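Shown below: upload_27.cif, with mmCIF, C-alpha atoms and all ligand atoms.
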data_my_file
#
loop_
_atom_site.label_atom_id
_atom_site.label_comp_id
_atom_site.auth_asym_id
_atom_site.auth_seq_id
_atom_site.Cartn_x
_atom_site.Cartn_y
_atom_site.Cartn_z
CA MET D 1 106.81 119.69 95.03
CA ARG D 2 108.66 118.31 91.99
CA GLU D 3 107.54 119.95 88.73
CA ASP D 4 108.51 117.26 86.22
CA ILE D 5 106.02 114.55 87.10
CA ASP D 6 105.29 112.51 84.01
CA ALA D 7 101.94 113.85 82.79
CA LYS D 8 101.12 110.68 80.85
CA ARG D 9 100.82 108.67 84.03
CA VAL D 10 98.06 110.97 85.23
CA GLU D 11 95.73 109.95 82.42
CA THR D 12 96.27 106.24 82.12
CA CYS D 13 98.60 103.71 83.54
CA HIS D 14 101.60 103.07 81.31
CA VAL D 15 103.53 100.88 83.67
CA SER D 16 106.77 99.47 82.42
CA SER D 17 107.26 95.72 82.10
CA GLU D 18 109.32 95.89 85.28
CA TYR D 19 106.01 96.08 87.14
CA GLU D 20 103.77 93.83 85.08
CA TYR D 21 103.36 90.46 83.44
CA THR D 22 100.76 89.26 80.93
CA LEU D 23 99.93 85.57 80.68
CA ASN D 24 99.68 84.23 77.15
CA ASP D 25 96.37 82.60 76.24
CA SER D 26 97.67 79.07 76.48
CA SER D 27 99.03 79.64 80.03
CA ARG D 28 95.74 81.30 81.01
CA ASP D 29 93.77 78.31 79.73
CA GLY D 30 96.14 75.89 81.48
CA LEU D 31 95.68 77.79 84.75
CA ARG D 32 91.91 77.74 84.30
CA ALA D 33 91.97 73.97 83.75
CA ALA D 34 94.19 73.39 86.80
CA ILE D 35 91.94 75.46 89.07
CA SER D 36 88.86 73.84 87.60
CA ARG D 37 90.15 70.40 88.64
CA GLU D 38 90.76 71.62 92.20
CA VAL D 39 87.40 73.33 92.71
CA ARG D 40 85.25 70.66 91.08
CA LEU D 41 83.95 69.43 94.44
CA GLU D 42 84.38 72.54 96.56
CA PHE D 43 86.54 75.63 96.94
CA ASP D 44 89.05 75.34 99.79
CA ARG D 45 91.02 78.58 100.28
CA LYS D 46 93.88 76.62 101.86
CA ASN D 47 94.35 74.21 98.98
CA THR D 48 98.10 74.39 98.25
CA ARG D 49 97.56 73.23 94.65
CA PHE D 50 96.42 76.76 93.78
CA ALA D 51 99.93 78.08 94.49
CA ALA D 52 101.45 75.28 92.42
CA ALA D 53 99.10 76.05 89.52
CA ILE D 54 100.15 79.73 89.60
CA ARG D 55 103.83 78.73 89.35
CA GLU D 56 103.16 76.18 86.64
CA ALA D 57 101.41 78.89 84.59
CA GLY D 58 104.71 80.78 84.53
CA ILE D 59 103.65 83.69 86.74
CA PRO D 60 106.94 85.21 87.96
CA VAL D 61 106.30 84.89 91.69
CA GLU D 62 109.92 85.63 92.67
CA ARG D 63 109.81 88.91 90.76
CA VAL D 64 106.52 89.81 92.42
CA ARG D 65 107.93 89.03 95.88
CA ASN D 66 111.11 91.00 95.22
CA GLN D 67 109.17 93.99 93.91
CA LEU D 68 106.90 94.01 96.97
CA PHE D 69 109.50 93.68 99.68
CA GLU D 70 112.85 94.86 98.29
CA THR D 71 111.92 98.10 96.51
CA ASP D 72 110.36 101.52 97.04
CA GLU D 73 108.07 100.90 94.02
CA PRO D 74 106.33 97.93 95.61
CA PHE D 75 103.52 96.94 93.27
CA PHE D 76 102.96 94.48 90.43
CA ILE D 77 100.21 93.98 87.83
CA LEU D 78 99.20 90.64 86.29
CA ARG D 79 97.01 90.51 83.18
CA ASN D 80 94.93 87.91 81.32
CA LEU D 81 94.05 85.80 84.36
CA PRO D 82 91.14 83.32 84.18
CA VAL D 83 88.62 84.97 86.49
CA ASP D 84 84.95 84.12 87.05
CA GLN D 85 82.21 85.39 84.76
CA PRO D 86 79.51 87.21 86.77
CA THR D 87 76.31 85.17 86.52
CA GLU D 88 74.15 88.27 86.78
CA LYS D 89 74.95 91.91 86.26
CA TRP D 90 74.78 94.05 89.41
CA ALA D 91 75.12 91.03 91.68
CA THR D 92 78.04 89.21 93.26
CA SER D 93 78.18 85.42 93.23
CA GLU D 94 80.59 82.58 94.02
CA THR D 95 84.10 83.23 92.68
CA PRO D 96 86.14 80.01 92.85
CA PHE D 97 88.58 80.97 90.06
CA THR D 98 89.23 84.51 91.23
CA SER D 99 89.55 83.36 94.84
CA ALA D 100 91.93 80.55 93.88
CA ILE D 101 94.15 83.06 92.08
CA LEU D 102 94.20 85.36 95.11
CA ALA D 103 94.98 82.53 97.52
CA GLY D 104 97.54 80.94 95.19
CA LEU D 105 99.45 84.10 94.36
CA THR D 106 99.62 85.37 97.94
CA GLY D 107 100.65 81.89 99.10
CA ASN D 108 103.59 82.00 96.68
CA VAL D 109 104.58 85.42 97.94
CA GLY D 110 104.80 83.96 101.46
CA LEU D 111 101.78 85.71 102.94
CA ARG D 112 99.21 84.54 105.45
CA ASN D 113 95.71 85.62 104.44
CA PHE D 114 93.50 87.04 107.16
CA GLY D 115 90.49 89.22 107.94
CA TYR D 116 89.08 91.16 110.88
CA ARG D 117 86.18 90.15 113.07
CA GLU D 118 84.82 93.68 112.76
CA GLU D 119 85.12 94.10 108.98
CA LYS D 120 82.96 92.58 106.24
CA GLY D 121 81.52 90.05 108.67
CA GLY D 122 84.90 88.41 109.21
CA ALA D 123 85.31 87.52 105.51
CA ILE D 124 88.82 86.70 104.25
CA LEU D 125 87.92 87.13 100.57
CA HIS D 126 86.28 90.52 100.15
CA ASP D 127 83.86 91.75 97.52
CA VAL D 128 84.77 95.32 96.62
CA CYS D 129 81.73 96.84 94.93
CA PRO D 130 79.23 99.62 95.57
CA ILE D 131 76.69 98.79 98.25
CA PRO D 132 73.28 100.48 98.02
CA GLY D 133 72.92 103.01 100.84
CA SER D 134 76.70 103.58 101.11
CA GLU D 135 77.05 105.73 97.98
CA ASN D 136 78.66 108.63 99.85
CA ALA D 137 80.83 106.56 102.21
CA GLN D 138 84.60 106.94 102.29
CA SER D 139 85.01 103.19 101.97
CA ASN D 140 85.24 100.71 99.14
CA ALA D 141 81.44 100.27 99.39
CA GLY D 142 80.87 103.86 98.23
CA ARG D 143 80.51 105.42 94.79
CA ILE D 144 82.12 108.81 95.39
CA GLU D 145 85.87 109.12 94.88
CA PHE D 146 87.59 107.21 97.70
CA GLY D 147 90.46 109.26 99.09
CA PHE D 148 94.04 108.11 99.56
CA HIS D 149 94.77 105.81 102.47
CA VAL D 150 96.61 102.71 103.55
CA ASP D 151 94.38 99.91 104.66
CA ASN D 152 93.55 100.09 108.31
CA PRO D 153 95.86 102.93 109.47
CA PHE D 154 94.08 103.22 112.82
CA LEU D 155 95.63 99.87 113.76
CA PRO D 156 99.25 99.37 114.82
CA ARG D 157 101.60 98.13 112.08
CA VAL D 158 101.61 94.51 113.25
CA GLY D 159 97.83 94.34 112.70
CA ARG D 160 97.63 96.15 109.38
CA PRO D 161 97.62 94.22 106.11
CA GLU D 162 101.16 94.16 104.76
CA VAL D 163 100.00 93.44 101.21
CA LEU D 164 96.73 94.08 99.39
CA THR D 165 95.71 92.14 96.29
CA LEU D 166 92.82 93.19 94.07
CA VAL D 167 91.47 91.31 91.05
CA SER D 168 88.91 92.74 88.66
CA ILE D 169 85.88 90.66 87.72
CA ASN D 170 83.98 93.56 86.20
CA ASN D 171 84.88 97.20 85.70
CA ASP D 172 82.17 98.53 83.38
CA SER D 173 82.51 101.84 85.17
CA GLU D 174 86.16 102.07 84.02
CA THR D 175 87.06 103.24 87.51
CA ALA D 176 90.77 103.70 88.19
CA THR D 177 92.56 102.46 91.28
CA HIS D 178 94.91 105.25 92.41
CA LEU D 179 98.37 104.29 93.66
CA LEU D 180 101.26 106.42 94.94
CA THR D 181 104.46 104.72 96.06
CA ILE D 182 106.76 105.76 98.88
CA GLY D 183 109.49 106.09 96.25
CA GLU D 184 107.49 108.74 94.38
CA ILE D 185 106.66 110.52 97.64
CA LYS D 186 110.32 110.72 98.63
CA ARG D 187 111.41 111.87 95.17
CA SER D 188 108.72 114.54 94.94
CA LEU D 189 108.29 116.19 98.33
CA PRO D 190 110.85 118.64 99.70
CA THR D 191 113.11 117.40 102.49
CA GLU D 192 111.53 119.81 105.00
CA THR D 193 108.08 118.33 104.33
CA LEU D 194 109.41 114.77 104.61
CA ASN D 195 111.02 115.71 107.94
CA VAL D 196 107.68 116.99 109.26
CA LEU D 197 105.98 113.77 108.10
CA ARG D 198 108.51 111.80 110.16
CA GLN D 199 107.42 113.46 113.40
CA SER D 200 104.97 111.82 115.81
CA ILE D 201 102.29 114.50 115.45
CA PHE D 202 99.62 112.86 113.26
CA ASP D 203 96.28 111.17 114.01
CA PHE D 204 94.45 108.62 111.84
CA ARG D 205 90.76 107.77 112.04
CA HIS D 206 89.38 104.31 111.32
CA ALA D 207 87.83 103.52 107.92
CA ASP D 208 84.08 103.30 107.41
CA SER D 209 84.26 99.64 106.37
CA PHE D 210 84.65 98.64 110.04
CA ASN D 211 81.70 98.03 112.33
CA LEU D 212 82.89 99.43 115.67
CA ASN D 213 79.54 99.87 117.40
CA LYS D 214 79.50 103.51 116.30
CA TYR D 215 82.73 104.30 118.18
CA LYS D 216 85.23 106.45 116.33
CA ILE D 217 88.78 105.19 116.80
CA PHE D 218 91.84 107.36 116.24
CA ALA D 219 95.47 106.31 116.36
CA THR D 220 97.28 109.35 117.75
CA ASN D 221 100.79 110.82 117.97
CA SER D 222 102.21 108.80 115.12
CA PRO D 223 104.52 109.71 112.25
CA VAL D 224 103.29 109.41 108.67
CA ILE D 225 106.66 108.15 107.43
CA LYS D 226 108.97 105.90 109.39
CA SER D 227 111.95 103.76 108.50
CA VAL D 228 111.36 100.12 109.39
CA ASP D 229 113.94 97.39 108.68
CA GLY D 230 115.78 99.62 106.21
CA PHE D 231 112.74 100.78 104.20
CA ASP D 232 110.59 103.85 104.64
CA GLU D 233 106.96 103.03 105.35
CA ILE D 234 103.85 105.18 105.29
CA ARG D 235 100.76 105.40 107.50
CA TRP D 236 97.95 107.46 105.99
CA ALA D 237 94.20 107.74 106.37
CA VAL D 238 91.48 109.48 104.39
CA PHE D 239 91.03 111.25 107.72
CA THR D 240 94.64 112.13 108.57
CA GLN D 241 94.84 115.11 110.88
CA SER D 242 97.04 117.09 113.24
CA THR D 243 96.80 120.16 115.43
CA ASP D 244 100.29 121.27 114.41
CA LYS D 245 100.37 123.96 111.68
CA ARG D 246 103.45 122.52 109.93
CA ALA D 247 101.83 119.11 109.97
CA GLU D 248 98.63 120.48 108.44
CA ALA D 249 100.68 122.01 105.62
CA ALA D 250 102.51 118.70 105.08
CA ILE D 251 99.17 116.86 104.92
CA ALA D 252 97.96 119.29 102.26
CA GLU D 253 101.20 118.88 100.26
CA LEU D 254 101.01 115.10 100.30
CA LYS D 255 97.33 115.18 99.29
CA ALA D 256 98.14 117.50 96.36
CA LEU D 257 101.03 115.29 95.28
CA ALA D 258 98.81 112.21 95.38
CA GLN D 259 96.27 113.84 93.07
CA THR D 260 98.85 114.84 90.48
CA ALA D 261 101.43 112.05 90.63
CA CYS D 262 99.50 108.85 91.38
CA ARG D 263 99.25 106.03 88.92
CA ARG D 264 95.64 105.59 87.76
CA ILE D 265 95.21 101.91 87.02
CA VAL D 266 91.96 100.83 85.38
CA LEU D 267 91.82 97.13 86.19
CA GLN D 268 90.01 95.30 83.41
CA PRO D 269 88.40 91.88 84.06
CA GLY D 270 91.20 89.35 84.56
CA GLU D 271 93.72 91.95 85.78
CA LEU D 272 95.27 91.90 89.22
CA LEU D 273 97.09 94.54 91.25
CA ILE D 274 99.21 93.53 94.23
CA PHE D 275 101.00 96.13 96.37
CA ASN D 276 102.75 96.67 99.67
CA ASN D 277 100.25 98.44 101.93
CA ASN D 278 103.08 99.73 104.17
CA ARG D 279 104.88 101.45 101.30
CA CYS D 280 102.07 102.82 99.10
CA ILE D 281 98.95 104.90 99.54
CA HIS D 282 95.95 104.10 97.39
CA GLY D 283 92.36 105.10 96.63
CA ARG D 284 90.04 105.01 93.65
CA GLY D 285 87.98 107.23 91.38
CA GLU D 286 84.24 107.58 91.31
CA VAL D 287 82.23 104.45 90.49
CA ALA D 288 79.54 105.37 87.98
CA GLY D 289 78.13 102.02 86.88
CA TRP D 290 78.83 98.42 87.78
CA ARG D 291 82.19 97.39 89.20
CA TRP D 292 83.26 94.34 91.15
CA LEU D 293 86.72 93.51 92.42
CA LYS D 294 87.77 90.74 94.75
CA ARG D 295 90.31 91.57 97.46
CA ILE D 296 92.45 89.68 99.94
CA TYR D 297 94.74 90.85 102.75
CA GLY D 298 98.08 89.21 103.40
CA THR D 299 100.88 89.58 105.91
CA ARG D 300 104.11 87.97 107.08
CA HIS D 301 103.38 89.16 110.65
CA GLU D 302 101.16 86.50 112.09
CA SER D 303 101.34 87.13 115.83
CA MET D 304 97.93 88.81 116.10
CA ILE D 305 96.05 86.40 113.84
CA GLY D 306 93.88 83.75 115.49
CA ALA D 307 93.47 80.13 114.46
CA ASP D 308 90.36 81.26 112.56
CA ASP D 309 92.59 83.59 110.45
CA LEU D 310 90.98 86.65 112.03
CA ILE D 311 92.32 89.62 113.99
CA SER D 312 90.13 91.15 116.69
CA VAL D 313 90.38 94.94 116.53
CA TRP D 314 89.52 95.25 120.22
CA GLY D 315 92.03 92.59 121.22
CA LEU D 316 94.76 94.21 119.15
CA LEU D 317 94.15 97.75 120.43
CA SER D 318 94.14 96.65 124.06
CA ASN D 319 97.25 94.48 123.77
CA PRO D 320 100.06 96.06 125.87
CA SER D 321 102.84 94.01 124.24
CA VAL D 322 102.20 95.55 120.79
CA ASP D 323 104.13 98.60 119.54
CA HIS D 324 101.34 101.17 119.21
CA SER D 325 103.59 104.06 118.15
CA PHE D 326 103.35 103.45 114.38
O1 LIG U 1 88.47 99.73 94.48
C1 LIG U 1 89.64 100.01 94.34
O2 LIG U 1 90.17 100.15 93.24
C2 LIG U 1 90.48 100.27 95.56
C3 LIG U 1 89.86 99.70 96.78
C4 LIG U 1 90.41 100.25 98.04
O3 LIG U 1 90.78 101.39 98.13
C5 LIG U 1 90.51 99.36 99.18
O4 LIG U 1 90.11 98.20 99.07
O5 LIG U 1 91.01 99.80 100.23
#

Please render this file's structure as structure tokens.
Amino acid sequence: MREDIDAKRVETCHVSSEYEYTLNDSSRDGLRAAISREVRLEFDRKNTRFAAAIREAGIPVERVRNQLFETDEPFFILRNLPVDQPTEKWATSETPFTSAILAGLTGNVGLRNFGYREEKGGAILHDVCPIPGSENAQSNAGRIEFGFHVDNPFLPRVGRPEVLTLVSINNDSETATHLLTIGEIKRSLPTETLNVLRQSIFDFRHADSFNLNKYKIFATNSPVIKSVDGFDEIRWAVFTQSTDKRAEAAIAELKALAQTACRRIVLQPGELLIFNNNRCIHGRGEVAGWRWLKRIYGTRHESMIGADDLISVWGLLSNPSVDHSF
């Protein structure tokens, strides 16, 4: 493993301006006013004026899109966004401003938003916060540290979210989101380890956020890293496993790298993180206190998404025309 990983990044996130943009107060207030006009009667996730308002506020949507799809460091942070104020501590409520920002930004990036029938009751806009009774779950409903993963690695690539977007409404717990890019992985791991990770000898279990009637679903015989359309992509689960000894060692190496080299991004209220779920692994620290993020999935691969904007896990897994190898 590379020795010279920048120690500063381990403590806090000092991302360079290449990866971030802060709205000035006047643009933030203008964006708030524009959204307010649109949601006065009701919030409609498909309202195209949200995307226009994001552009008019000066948010550099082309830069975000380029960073996500044309680089190996595919993430971007936006700061000083006009998000909702929680009406009550320890409780979620309606979030028209935050939701409009998620829908508007992802619309500009060219993504279709979607959900899964079997996750979060089919919601498209997700509340990411601790849920009583799930404290020890390896899911975003838990409080214990949530291990590194890509979202929904047990599903074939065409049915995984291509992009994840998270906005903070409250982060009293000062919990960090952990992010490790494919670029960092390729720079840091030895070639022999990367070669093992490219072999089809890994299994990935489903995440606990899915309700699969108590079945445990594993994708099997897949590589962790694969080149797709000229870019290396990564498939990784909290529960990544293999029966091959070299693969077990590679899993341990990647886990150790993630702990030491990830960016730890403490999203403050009004801050947004968007990243390519096929080219990053992510997780988060322990949640000790109140924390509430809003999340949305997006993809450019729409073939598995129904008219209701949902993917059926069972329909996807049983579909013979899908490439199930990665
Ligand atoms: O809560 C966070 O910061 C990350 C959430 C997460 O890992 C997920 O939504 O998959």

- Message: Please identify all protein, DNA and RNA residues within 8 Å of ligand LIG 1 (chain U), counting only C-alpha atoms and all ligand atoms, and report them as a list in words.
- Response: Val128, Cys129, Ser139, Asn140, Phe146, Gly147, Phe148, His149, Val150, Asp151, Leu164, Leu166, Thr175, Ala176, Thr177, His178, Leu267, His282, Gly283, Arg284, Gly285, Leu293 and Arg295 of chain D

Box centre and edge lengths (Å, one decimal), axis-aligned, stretch 166-178 of chain D plus 3 Å each side, as JSON:
{"center_x": 88.5, "center_y": 98.0, "center_z": 88.7, "size_x": 18.7, "size_y": 20.6, "size_z": 16.7}

Which distance in Å separates atom CA of D:Ala249 and atom CA of D:Val224, to one decimal?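 For atom CA of D:Ala249 relative to atom CA of D:Val224, the distance reads 13.2 Å.
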
* Asked: If we count all atoms listed in the file, what is near D:Ala250 at a cut-off of 12 Å, once residues fewer than 5 positions away on the same chain are taken out, given as an MDAnalysis selection string?
  -> chainID D and resid 1 185 189:199 201:202 223:225 240:245 255:257

Original post:
So which residues touch D:Glu174 within 10 Å, counting only C-alpha atoms, skipping near sequence neighbours fewer than 2 positions away, as a ChimeraX atom specification?
Top reply: /D:170-172,176-177,265-268,285-291

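Between atom CA of D:Arg263 and atom CA of D:Ala137 the separation is 22.7 Å.
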
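Within 12 Å of the file-frame point (86.7, 110.8, 117.2), and using all atoms listed in the file, the polymer residues found are Phe154, Asp203, Phe204, Arg205, His206, Ala207, Lys214, Tyr215, Lys216, Ile217, Phe218, Ala219, Thr220, Phe239, Thr240 and Gln241 of chain D.
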
With only C-alpha atoms as the basis for distance, which of D:Leu179, D:Ile124, D:Val163, D:Val228 is at the shortest distance from D:Ala258?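 Closest candidate: D:Leu179.
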
Pairwise distance, atom CA of D:Ala51 with atom CA of D:Pro269, equals 20.8 Å

List the spatial neighbours of D:Pro74 as a ChimeraX atom specification - criterion: any atom at most 6 Å away, all atoms listed in the file, same-chain residues fewer than 4 positions off excluded. /D:67-68,275-276
